[in-house]
Amino acid sequence: MSTITNFIEHNYRHFNAAALRDAARAYKKHIEDGKPMIITLAGAMSTAELGLSLADMIREGKVQAISCTGANLEEDVFNLVAHNHYERIPNYRNLTEEQEEDLLNRHLNRVTDTCIPEEEAIRRIERAVLKSWQKASDAGTSKFPHEYLYEILLSGELEEKYQIDKKNSWLLAAAEKNLPMIVPGWEDSTLGNIFAGRVIEGKIKRECMKTGIDYMIFLSKWYPENCGKTGIGFFQIGGGIAGDFPICVVPMIEQDLELDVPKWNFFCQISDSTTSYGSYSGAVPNEKITWGKLETSSPKFIIESDATIVAPLIFAYVLGR
């Protein structure tokens, strides 16, 4: 037995540790049984460099689709081309308002303990993607947000700018596999804001970008084509739209299109959201039964902890490390 797997099996016996172990075992069995899995990414997982473990999951066929926020989509690429210019702020809890303003004046956008540099990360990617948006506008074509980034990464035009080992970029790994991607609410991202600004300026046409409705239509076709007779697994990191949006495709197909499909076959969420406040992100898995998303027999796990700690451990277990 490998080192990390053995450590988890020996030490993780109770409470959230046991939930982590049980979920990791179930995820691994799910894949070994030949069933597909979708992973959803909320929060700032890309800035937390989840690509260090997620990229291997993609390359080794342990995930068959990803749903993520617009922020996670773009921030993996930001890190890829500007990692050396990031600044870590270990004492971020103690920053004064004046220190925060100093970061603003230095064009450093803080995400908890990490600052994303505007010019080296955001503007560098803006210049690359704007050319693709303009080309699609001129040609009268329309693409998904992730397709533009896939196109740029696969073209190699940014490769000389890479500041991390490219094997640690999960989006590059996804692009190389042409992994199905869903990015609901992409407009709520830095590049989404930039896109809106360039549309207002008349530099690109609004129609060159597909929207969340197009993503749901894509999902309505992808799910039946890949679910087989038993359904697809759902591994949710955090809460929010990255998870809420794709999980709804099953009841949409059944209740609105009146077609029969198996429900999600496996569910695991890493969350720190509180159940009692009525948030969907904090809802226990059984609530999803009432919405037609999960079966009573579906394996269900909630790990109430920090995803930056839990997800890499589970991925290592699934990868047999």
# chains A, B, ... in the order shown; residues from 1 in each chain; ligands from 1
call {"tool": "select_by_dssp", "arguments": {"residues": "segment 33-72 of chain A", "states": "strand (DSSP E or B)", "output": "list of chain:residue names"}}
result
A:Met37, A:Ile38, A:Ile39, A:Thr40, A:Leu41, A:Ala65, A:Ile66, A:Ser67, A:Cys68
call {"tool": "write_last_selection", "arguments": {"atoms": "all heavy atoms", "output": "PDB file, in the first residue's frame"}}
result
ATOM      1  N   MET A  37     -17.002  10.444 -13.406  1.00  0.00           N
ATOM      2  CA  MET A  37     -17.077  11.370 -12.275  1.00  0.00           C
ATOM      3  C   MET A  37     -16.922  12.800 -12.770  1.00  0.00           C
ATOM      4  O   MET A  37     -16.071  13.092 -13.613  1.00  0.00           O
ATOM      5  CB  MET A  37     -15.968  11.062 -11.268  1.00  0.00           C
ATOM      6  CG  MET A  37     -15.976  11.947 -10.013  1.00  0.00           C
ATOM      7  SD  MET A  37     -17.288  11.493  -8.849  1.00  0.00           S
ATOM      8  CE  MET A  37     -16.625   9.969  -8.145  1.00  0.00           C
ATOM      9  N   ILE A  38     -17.750  13.679 -12.237  1.00  0.00           N
ATOM     10  CA  ILE A  38     -17.578  15.111 -12.472  1.00  0.00           C
ATOM     11  C   ILE A  38     -17.086  15.747 -11.177  1.00  0.00           C
ATOM     12  O   ILE A  38     -17.517  15.361 -10.086  1.00  0.00           O
ATOM     13  CB  ILE A  38     -18.890  15.780 -12.950  1.00  0.00           C
ATOM     14  CG1 ILE A  38     -18.646  17.261 -13.294  1.00  0.00           C
ATOM     15  CG2 ILE A  38     -20.002  15.648 -11.930  1.00  0.00           C
ATOM     16  CD1 ILE A  38     -19.839  17.944 -13.953  1.00  0.00           C
ATOM     17  N   ILE A  39     -16.137  16.664 -11.289  1.00  0.00           N
ATOM     18  CA  ILE A  39     -15.642  17.418 -10.143  1.00  0.00           C
ATOM     19  C   ILE A  39     -16.081  18.863 -10.297  1.00  0.00           C
ATOM     20  O   ILE A  39     -16.007  19.431 -11.397  1.00  0.00           O
ATOM     21  CB  ILE A  39     -14.107  17.347 -10.039  1.00  0.00           C
ATOM     22  CG1 ILE A  39     -13.662  15.943  -9.610  1.00  0.00           C
ATOM     23  CG2 ILE A  39     -13.562  18.371  -9.050  1.00  0.00           C
ATOM     24  CD1 ILE A  39     -12.160  15.772  -9.504  1.00  0.00           C
ATOM     25  N   THR A  40     -16.555  19.476  -9.214  1.00  0.00           N
ATOM     26  CA  THR A  40     -16.936  20.886  -9.265  1.00  0.00           C
ATOM     27  C   THR A  40     -16.025  21.694  -8.346  1.00  0.00           C
ATOM     28  O   THR A  40     -15.714  21.265  -7.233  1.00  0.00           O
ATOM     29  CB  THR A  40     -18.416  21.097  -8.874  1.00  0.00           C
ATOM     30  OG1 THR A  40     -18.577  21.000  -7.454  1.00  0.00           O
ATOM     31  CG2 THR A  40     -19.307  20.050  -9.553  1.00  0.00           C
ATOM     32  N   LEU A  41     -15.605  22.860  -8.836  1.00  0.00           N
ATOM     33  CA  LEU A  41     -14.634  23.693  -8.121  1.00  0.00           C
ATOM     34  C   LEU A  41     -15.225  25.053  -7.791  1.00  0.00           C
ATOM     35  O   LEU A  41     -15.485  25.864  -8.678  1.00  0.00           O
ATOM     36  CB  LEU A  41     -13.382  23.902  -8.975  1.00  0.00           C
ATOM     37  CG  LEU A  41     -12.636  22.673  -9.492  1.00  0.00           C
ATOM     38  CD1 LEU A  41     -11.490  23.098 -10.387  1.00  0.00           C
ATOM     39  CD2 LEU A  41     -12.130  21.833  -8.329  1.00  0.00           C
ATOM     40  N   ALA A  65     -15.309  15.125 -16.266  1.00  0.00           N
ATOM     41  CA  ALA A  65     -15.814  16.470 -16.573  1.00  0.00           C
ATOM     42  C   ALA A  65     -15.542  17.359 -15.366  1.00  0.00           C
ATOM     43  O   ALA A  65     -15.399  16.862 -14.238  1.00  0.00           O
ATOM     44  CB  ALA A  65     -17.304  16.455 -16.900  1.00  0.00           C
ATOM     45  N   ILE A  66     -15.479  18.663 -15.612  1.00  0.00           N
ATOM     46  CA  ILE A  66     -15.280  19.631 -14.533  1.00  0.00           C
ATOM     47  C   ILE A  66     -16.276  20.766 -14.686  1.00  0.00           C
ATOM     48  O   ILE A  66     -16.516  21.268 -15.797  1.00  0.00           O
ATOM     49  CB  ILE A  66     -13.840  20.182 -14.533  1.00  0.00           C
ATOM     50  CG1 ILE A  66     -12.874  19.123 -13.996  1.00  0.00           C
ATOM     51  CG2 ILE A  66     -13.738  21.452 -13.689  1.00  0.00           C
ATOM     52  CD1 ILE A  66     -11.425  19.554 -13.953  1.00  0.00           C
ATOM     53  N   SER A  67     -16.865  21.151 -13.573  1.00  0.00           N
ATOM     54  CA  SER A  67     -17.664  22.371 -13.509  1.00  0.00           C
ATOM     55  C   SER A  67     -16.951  23.313 -12.552  1.00  0.00           C
ATOM     56  O   SER A  67     -16.580  22.911 -11.443  1.00  0.00           O
ATOM     57  CB  SER A  67     -19.077  22.083 -12.990  1.00  0.00           C
ATOM     58  OG  SER A  67     -19.789  23.285 -12.774  1.00  0.00           O
ATOM     59  N   CYS A  68     -16.702  24.539 -12.984  1.00  0.00           N
ATOM     60  CA  CYS A  68     -15.979  25.469 -12.116  1.00  0.00           C
ATOM     61  C   CYS A  68     -16.488  26.888 -12.304  1.00  0.00           C
ATOM     62  O   CYS A  68     -17.159  27.209 -13.284  1.00  0.00           O
ATOM     63  CB  CYS A  68     -14.473  25.413 -12.402  1.00  0.00           C
ATOM     64  SG  CYS A  68     -13.981  26.111 -13.989  1.00  0.00           S
TER      65      CYS A  68
END
call {"tool": "select_by_dssp", "arguments": {"residues": "segment 56-265 of chain A", "states": "alpha helix (DSSP H)", "output": "VMD selection string"}}
result
chain A and resid 56 to 59 70 to 82 97 to 105 124 to 139 145 to 155 170 to 177 190 to 201 212 to 226 240 to 247 249 to 251
call {"tool": "closest_atom_pairs", "arguments": {"of": "segment 31-71 of chain A", "to": "segment 161-174 of chain A", "cutoff": "6 Å", "atoms": "only C-alpha atoms", "output": "JSON lines"}}
result
{"residue": "A:Gly51", "atom": "CA", "partner": "A:Trp170", "partner_atom": "CA", "distance": 4.6}
{"residue": "A:Leu52", "atom": "CA", "partner": "A:Asn168", "partner_atom": "CA", "distance": 4.8}
{"residue": "A:Leu54", "atom": "CA", "partner": "A:Trp170", "partner_atom": "CA", "distance": 5.8}
{"residue": "A:Ala55", "atom": "CA", "partner": "A:Trp170", "partner_atom": "CA", "distance": 4.1}
call {"tool": "residues_around", "arguments": {"residues": "Ser2 of chain A", "least_positions_apart": "5", "cutoff": "9 Å", "atoms": "only C-alpha atoms", "output": "VMD selection string"}}
result
chain A and resid 7 317 320 to 321
call {"tool": "write_last_selection", "arguments": {"atoms": "all heavy atoms", "output": "PDB file, in the first residue's frame"}}
result
ATOM      1  N   PHE A   7      -1.297   5.985   5.227  1.00  0.00           N
ATOM      2  CA  PHE A   7      -1.457   6.945   6.318  1.00  0.00           C
ATOM      3  C   PHE A   7      -2.936   7.203   6.594  1.00  0.00           C
ATOM      4  O   PHE A   7      -3.384   7.212   7.742  1.00  0.00           O
ATOM      5  CB  PHE A   7      -0.742   8.249   5.962  1.00  0.00           C
ATOM      6  CG  PHE A   7      -0.861   9.319   7.018  1.00  0.00           C
ATOM      7  CD1 PHE A   7       0.014   9.349   8.098  1.00  0.00           C
ATOM      8  CD2 PHE A   7      -1.849  10.292   6.940  1.00  0.00           C
ATOM      9  CE1 PHE A   7      -0.099  10.336   9.084  1.00  0.00           C
ATOM     10  CE2 PHE A   7      -1.965  11.276   7.912  1.00  0.00           C
ATOM     11  CZ  PHE A   7      -1.087  11.293   8.983  1.00  0.00           C
ATOM     12  N   TYR A 317      -5.162   9.525  -2.699  1.00  0.00           N
ATOM     13  CA  TYR A 317      -5.700   8.184  -2.412  1.00  0.00           C
ATOM     14  C   TYR A 317      -6.233   7.554  -3.700  1.00  0.00           C
ATOM     15  O   TYR A 317      -5.941   6.396  -4.011  1.00  0.00           O
ATOM     16  CB  TYR A 317      -6.816   8.306  -1.376  1.00  0.00           C
ATOM     17  CG  TYR A 317      -7.315   6.995  -0.820  1.00  0.00           C
ATOM     18  CD1 TYR A 317      -6.998   6.611   0.482  1.00  0.00           C
ATOM     19  CD2 TYR A 317      -8.131   6.150  -1.576  1.00  0.00           C
ATOM     20  CE1 TYR A 317      -7.469   5.400   1.009  1.00  0.00           C
ATOM     21  CE2 TYR A 317      -8.603   4.948  -1.064  1.00  0.00           C
ATOM     22  CZ  TYR A 317      -8.272   4.581   0.235  1.00  0.00           C
ATOM     23  OH  TYR A 317      -8.725   3.400   0.745  1.00  0.00           O
ATOM     24  N   GLY A 320      -3.674   6.325  -5.928  1.00  0.00           N
ATOM     25  CA  GLY A 320      -2.898   5.193  -5.412  1.00  0.00           C
ATOM     26  C   GLY A 320      -1.538   5.581  -4.902  1.00  0.00           C
ATOM     27  O   GLY A 320      -0.581   4.808  -5.001  1.00  0.00           O
ATOM     28  N   ARG A 321      -1.446   6.755  -4.315  1.00  0.00           N
ATOM     29  CA  ARG A 321      -0.140   7.223  -3.837  1.00  0.00           C
ATOM     30  C   ARG A 321       0.032   6.995  -2.339  1.00  0.00           C
ATOM     31  O   ARG A 321      -0.916   6.698  -1.644  1.00  0.00           O
ATOM     32  CB  ARG A 321       0.026   8.711  -4.165  1.00  0.00           C
ATOM     33  CG  ARG A 321       0.083   8.924  -5.676  1.00  0.00           C
ATOM     34  CD  ARG A 321       0.209  10.367  -6.023  1.00  0.00           C
ATOM     35  NE  ARG A 321       0.334  10.518  -7.481  1.00  0.00           N
ATOM     36  CZ  ARG A 321       0.286  11.666  -8.123  1.00  0.00           C
ATOM     37  NH1 ARG A 321       0.110  12.779  -7.455  1.00  0.00           N
ATOM     38  NH2 ARG A 321       0.390  11.708  -9.435  1.00  0.00           N
TER      39      ARG A 321
END
call {"tool": "closest_residue", "arguments": {"among": "A:Ser220, A:Asn11, A:Asn84, A:Asn79", "to": "Asp260 of chain A", "atoms": "only C-alpha atoms"}}
result
A:Ser220
call {"tool": "residues_around", "arguments": {"residues": "Asp33 of chain A", "least_positions_apart": "2", "cutoff": "12 Å", "atoms": "only C-alpha atoms", "output": "PyMOL selection string"}}
result
chain A and resi 26-31+35-37+62+230-233+265
call {"tool": "residues_around", "arguments": {"residues": "segment 296-309 of chain A", "least_positions_apart": "4", "cutoff": "10 Å", "atoms": "only C-alpha atoms", "output": "ChimeraX atom specification"}}
result
/A:15-24,26-27,30,41-45,48-50,230-231,233-238,263-274,282-286,288-290,313-314
call {"tool": "closest_residue", "arguments": {"among": "A:Val250, A:Thr275, A:Glu187, A:Asp256", "to": "Trp291 of chain A", "atoms": "only C-alpha atoms"}}
result
A:Val250
call {"tool": "closest_residue", "arguments": {"among": "A:Ile241, A:Met252, A:Lys205, A:Pro180", "to": "Ile58 of chain A", "atoms": "only C-alpha atoms"}}
result
A:Pro180
call {"tool": "decode", "arguments": {"residues": "segment 264-309 of chain A", "atoms": "N, CA and C atoms", "output": "PDB file, in the first residue's frame"}}
result
ATOM      1  N   TRP A 264     -27.792  10.956 -10.134  1.00  0.00           N
ATOM      2  CA  TRP A 264     -26.364  10.952  -9.815  1.00  0.00           C
ATOM      3  C   TRP A 264     -26.063   9.743  -8.939  1.00  0.00           C
ATOM      4  N   ASN A 265     -24.995   9.044  -9.251  1.00  0.00           N
ATOM      5  CA  ASN A 265     -24.714   7.748  -8.652  1.00  0.00           C
ATOM      6  C   ASN A 265     -23.891   7.823  -7.370  1.00  0.00           C
ATOM      7  N   PHE A 266     -23.214   8.937  -7.166  1.00  0.00           N
ATOM      8  CA  PHE A 266     -22.291   9.118  -6.030  1.00  0.00           C
ATOM      9  C   PHE A 266     -22.282  10.604  -5.737  1.00  0.00           C
ATOM     10  N   PHE A 267     -22.232  10.954  -4.447  1.00  0.00           N
ATOM     11  CA  PHE A 267     -22.145  12.376  -4.102  1.00  0.00           C
ATOM     12  C   PHE A 267     -21.210  12.565  -2.921  1.00  0.00           C
ATOM     13  N   CYS A 268     -20.280  13.494  -3.082  1.00  0.00           N
ATOM     14  CA  CYS A 268     -19.403  13.885  -1.976  1.00  0.00           C
ATOM     15  C   CYS A 268     -19.178  15.380  -2.045  1.00  0.00           C
ATOM     16  N   GLN A 269     -19.280  16.031  -0.906  1.00  0.00           N
ATOM     17  CA  GLN A 269     -19.015  17.465  -0.849  1.00  0.00           C
ATOM     18  C   GLN A 269     -18.028  17.776   0.274  1.00  0.00           C
ATOM     19  N   ILE A 270     -17.033  18.577  -0.057  1.00  0.00           N
ATOM     20  CA  ILE A 270     -16.137  19.146   0.951  1.00  0.00           C
ATOM     21  C   ILE A 270     -16.664  20.544   1.227  1.00  0.00           C
ATOM     22  N   SER A 271     -17.087  20.804   2.445  1.00  0.00           N
ATOM     23  CA  SER A 271     -17.788  22.065   2.709  1.00  0.00           C
ATOM     24  C   SER A 271     -17.541  22.551   4.125  1.00  0.00           C
ATOM     25  N   ASP A 272     -17.590  23.875   4.290  1.00  0.00           N
ATOM     26  CA  ASP A 272     -17.593  24.455   5.631  1.00  0.00           C
ATOM     27  C   ASP A 272     -18.855  25.287   5.839  1.00  0.00           C
ATOM     28  N   SER A 273     -19.827  25.098   4.930  1.00  0.00           N
ATOM     29  CA  SER A 273     -21.074  25.850   5.024  1.00  0.00           C
ATOM     30  C   SER A 273     -21.977  25.236   6.088  1.00  0.00           C
ATOM     31  N   THR A 274     -22.730  26.089   6.800  1.00  0.00           N
ATOM     32  CA  THR A 274     -23.580  25.639   7.898  1.00  0.00           C
ATOM     33  C   THR A 274     -24.973  25.269   7.398  1.00  0.00           C
ATOM     34  N   THR A 275     -25.416  24.095   7.757  1.00  0.00           N
ATOM     35  CA  THR A 275     -26.702  23.591   7.281  1.00  0.00           C
ATOM     36  C   THR A 275     -27.872  24.441   7.760  1.00  0.00           C
ATOM     37  N   SER A 276     -27.837  24.924   8.979  1.00  0.00           N
ATOM     38  CA  SER A 276     -29.018  25.511   9.608  1.00  0.00           C
ATOM     39  C   SER A 276     -29.434  26.859   9.043  1.00  0.00           C
ATOM     40  N   TYR A 277     -28.599  27.470   8.183  1.00  0.00           N
ATOM     41  CA  TYR A 277     -28.943  28.797   7.683  1.00  0.00           C
ATOM     42  C   TYR A 277     -29.738  28.778   6.379  1.00  0.00           C
ATOM     43  N   GLY A 278     -30.120  27.591   5.919  1.00  0.00           N
ATOM     44  CA  GLY A 278     -30.966  27.531   4.734  1.00  0.00           C
ATOM     45  C   GLY A 278     -30.228  27.606   3.418  1.00  0.00           C
ATOM     46  N   SER A 279     -28.909  27.604   3.461  1.00  0.00           N
ATOM     47  CA  SER A 279     -28.153  27.679   2.206  1.00  0.00           C
ATOM     48  C   SER A 279     -28.140  26.336   1.521  1.00  0.00           C
ATOM     49  N   TYR A 280     -28.216  26.349   0.184  1.00  0.00           N
ATOM     50  CA  TYR A 280     -28.130  25.097  -0.556  1.00  0.00           C
ATOM     51  C   TYR A 280     -26.743  24.481  -0.401  1.00  0.00           C
ATOM     52  N   SER A 281     -25.724  25.340  -0.326  1.00  0.00           N
ATOM     53  CA  SER A 281     -24.358  24.834  -0.202  1.00  0.00           C
ATOM     54  C   SER A 281     -24.171  24.043   1.078  1.00  0.00           C
ATOM     55  N   GLY A 282     -24.926  24.375   2.110  1.00  0.00           N
ATOM     56  CA  GLY A 282     -24.787  23.680   3.379  1.00  0.00           C
ATOM     57  C   GLY A 282     -25.783  22.551   3.580  1.00  0.00           C
ATOM     58  N   ALA A 283     -26.637  22.314   2.578  1.00  0.00           N
ATOM     59  CA  ALA A 283     -27.656  21.278   2.725  1.00  0.00           C
ATOM     60  C   ALA A 283     -27.029  19.889   2.774  1.00  0.00           C
ATOM     61  N   VAL A 284     -27.549  19.041   3.639  1.00  0.00           N
ATOM     62  CA  VAL A 284     -27.060  17.669   3.681  1.00  0.00           C
ATOM     63  C   VAL A 284     -27.524  16.941   2.427  1.00  0.00           C
ATOM     64  N   PRO A 285     -26.799  15.900   2.012  1.00  0.00           N
ATOM     65  CA  PRO A 285     -27.133  15.216   0.758  1.00  0.00           C
ATOM     66  C   PRO A 285     -28.575  14.727   0.666  1.00  0.00           C
ATOM     67  N   ASN A 286     -29.174  14.320   1.798  1.00  0.00           N
ATOM     68  CA  ASN A 286     -30.536  13.794   1.740  1.00  0.00           C
ATOM     69  C   ASN A 286     -31.531  14.796   1.187  1.00  0.00           C
ATOM     70  N   GLU A 287     -31.266  16.099   1.373  1.00  0.00           N
ATOM     71  CA  GLU A 287     -32.164  17.112   0.822  1.00  0.00           C
ATOM     72  C   GLU A 287     -32.248  16.997  -0.699  1.00  0.00           C
ATOM     73  N   LYS A 288     -31.162  16.544  -1.309  1.00  0.00           N
ATOM     74  CA  LYS A 288     -31.126  16.434  -2.767  1.00  0.00           C
ATOM     75  C   LYS A 288     -32.029  15.315  -3.275  1.00  0.00           C
ATOM     76  N   ILE A 289     -32.386  14.379  -2.407  1.00  0.00           N
ATOM     77  CA  ILE A 289     -33.335  13.339  -2.795  1.00  0.00           C
ATOM     78  C   ILE A 289     -34.676  13.977  -3.123  1.00  0.00           C
ATOM     79  N   THR A 290     -35.087  14.961  -2.322  1.00  0.00           N
ATOM     80  CA  THR A 290     -36.389  15.594  -2.532  1.00  0.00           C
ATOM     81  C   THR A 290     -36.442  16.386  -3.837  1.00  0.00           C
ATOM     82  N   TRP A 291     -35.270  16.745  -4.377  1.00  0.00           N
ATOM     83  CA  TRP A 291     -35.207  17.511  -5.624  1.00  0.00           C
ATOM     84  C   TRP A 291     -34.965  16.614  -6.836  1.00  0.00           C
ATOM     85  N   GLY A 292     -34.919  15.312  -6.610  1.00  0.00           N
ATOM     86  CA  GLY A 292     -34.746  14.394  -7.719  1.00  0.00           C
ATOM     87  C   GLY A 292     -33.334  14.337  -8.259  1.00  0.00           C
ATOM     88  N   LYS A 293     -32.360  14.630  -7.402  1.00  0.00           N
ATOM     89  CA  LYS A 293     -30.967  14.626  -7.842  1.00  0.00           C
ATOM     90  C   LYS A 293     -30.231  13.355  -7.450  1.00  0.00           C
ATOM     91  N   LEU A 294     -30.548  12.817  -6.279  1.00  0.00           N
ATOM     92  CA  LEU A 294     -29.894  11.607  -5.777  1.00  0.00           C
ATOM     93  C   LEU A 294     -30.925  10.544  -5.449  1.00  0.00           C
ATOM     94  N   GLU A 295     -30.506   9.280  -5.558  1.00  0.00           N
ATOM     95  CA  GLU A 295     -31.319   8.157  -5.112  1.00  0.00           C
ATOM     96  C   GLU A 295     -31.089   7.937  -3.617  1.00  0.00           C
ATOM     97  N   THR A 296     -32.001   7.257  -2.983  1.00  0.00           N
ATOM     98  CA  THR A 296     -31.782   6.911  -1.575  1.00  0.00           C
ATOM     99  C   THR A 296     -30.569   6.006  -1.427  1.00  0.00           C
ATOM    100  N   SER A 297     -30.271   5.233  -2.474  1.00  0.00           N
ATOM    101  CA  SER A 297     -29.156   4.288  -2.414  1.00  0.00           C
ATOM    102  C   SER A 297     -27.825   4.885  -2.857  1.00  0.00           C
ATOM    103  N   SER A 298     -27.814   6.123  -3.331  1.00  0.00           N
ATOM    104  CA  SER A 298     -26.567   6.738  -3.801  1.00  0.00           C
ATOM    105  C   SER A 298     -25.589   6.904  -2.636  1.00  0.00           C
ATOM    106  N   PRO A 299     -24.316   6.509  -2.776  1.00  0.00           N
ATOM    107  CA  PRO A 299     -23.327   6.799  -1.727  1.00  0.00           C
ATOM    108  C   PRO A 299     -23.216   8.306  -1.513  1.00  0.00           C
ATOM    109  N   LYS A 300     -23.261   8.746  -0.256  1.00  0.00           N
ATOM    110  CA  LYS A 300     -23.292  10.178   0.048  1.00  0.00           C
ATOM    111  C   LYS A 300     -22.301  10.492   1.168  1.00  0.00           C
ATOM    112  N   PHE A 301     -21.531  11.555   0.972  1.00  0.00           N
ATOM    113  CA  PHE A 301     -20.518  11.936   1.964  1.00  0.00           C
ATOM    114  C   PHE A 301     -20.458  13.456   2.081  1.00  0.00           C
ATOM    115  N   ILE A 302     -20.319  13.926   3.304  1.00  0.00           N
ATOM    116  CA  ILE A 302     -20.036  15.335   3.577  1.00  0.00           C
ATOM    117  C   ILE A 302     -18.784  15.381   4.449  1.00  0.00           C
ATOM    118  N   ILE A 303     -17.794  16.130   4.000  1.00  0.00           N
ATOM    119  CA  ILE A 303     -16.569  16.312   4.781  1.00  0.00           C
ATOM    120  C   ILE A 303     -16.512  17.792   5.156  1.00  0.00           C
ATOM    121  N   GLU A 304     -16.730  18.073   6.418  1.00  0.00           N
ATOM    122  CA  GLU A 304     -16.776  19.461   6.865  1.00  0.00           C
ATOM    123  C   GLU A 304     -15.367  19.901   7.247  1.00  0.00           C
ATOM    124  N   SER A 305     -14.670  20.451   6.258  1.00  0.00           N
ATOM    125  CA  SER A 305     -13.271  20.815   6.479  1.00  0.00           C
ATOM    126  C   SER A 305     -12.820  21.751   5.373  1.00  0.00           C
ATOM    127  N   ASP A 306     -11.536  22.053   5.365  1.00  0.00           N
ATOM    128  CA  ASP A 306     -10.915  22.943   4.390  1.00  0.00           C
ATOM    129  C   ASP A 306     -10.562  22.148   3.134  1.00  0.00           C
ATOM    130  N   ALA A 307     -11.111  22.550   2.009  1.00  0.00           N
ATOM    131  CA  ALA A 307     -10.888  21.810   0.763  1.00  0.00           C
ATOM    132  C   ALA A 307      -9.426  21.809   0.348  1.00  0.00           C
ATOM    133  N   THR A 308      -8.665  22.849   0.717  1.00  0.00           N
ATOM    134  CA  THR A 308      -7.250  22.877   0.333  1.00  0.00           C
ATOM    135  C   THR A 308      -6.455  21.794   1.045  1.00  0.00           C
ATOM    136  N   ILE A 309      -6.994  21.302   2.169  1.00  0.00           N
ATOM    137  CA  ILE A 309      -6.366  20.198   2.894  1.00  0.00           C
ATOM    138  C   ILE A 309      -6.930  18.860   2.418  1.00  0.00           C
TER     139      ILE A 309
END
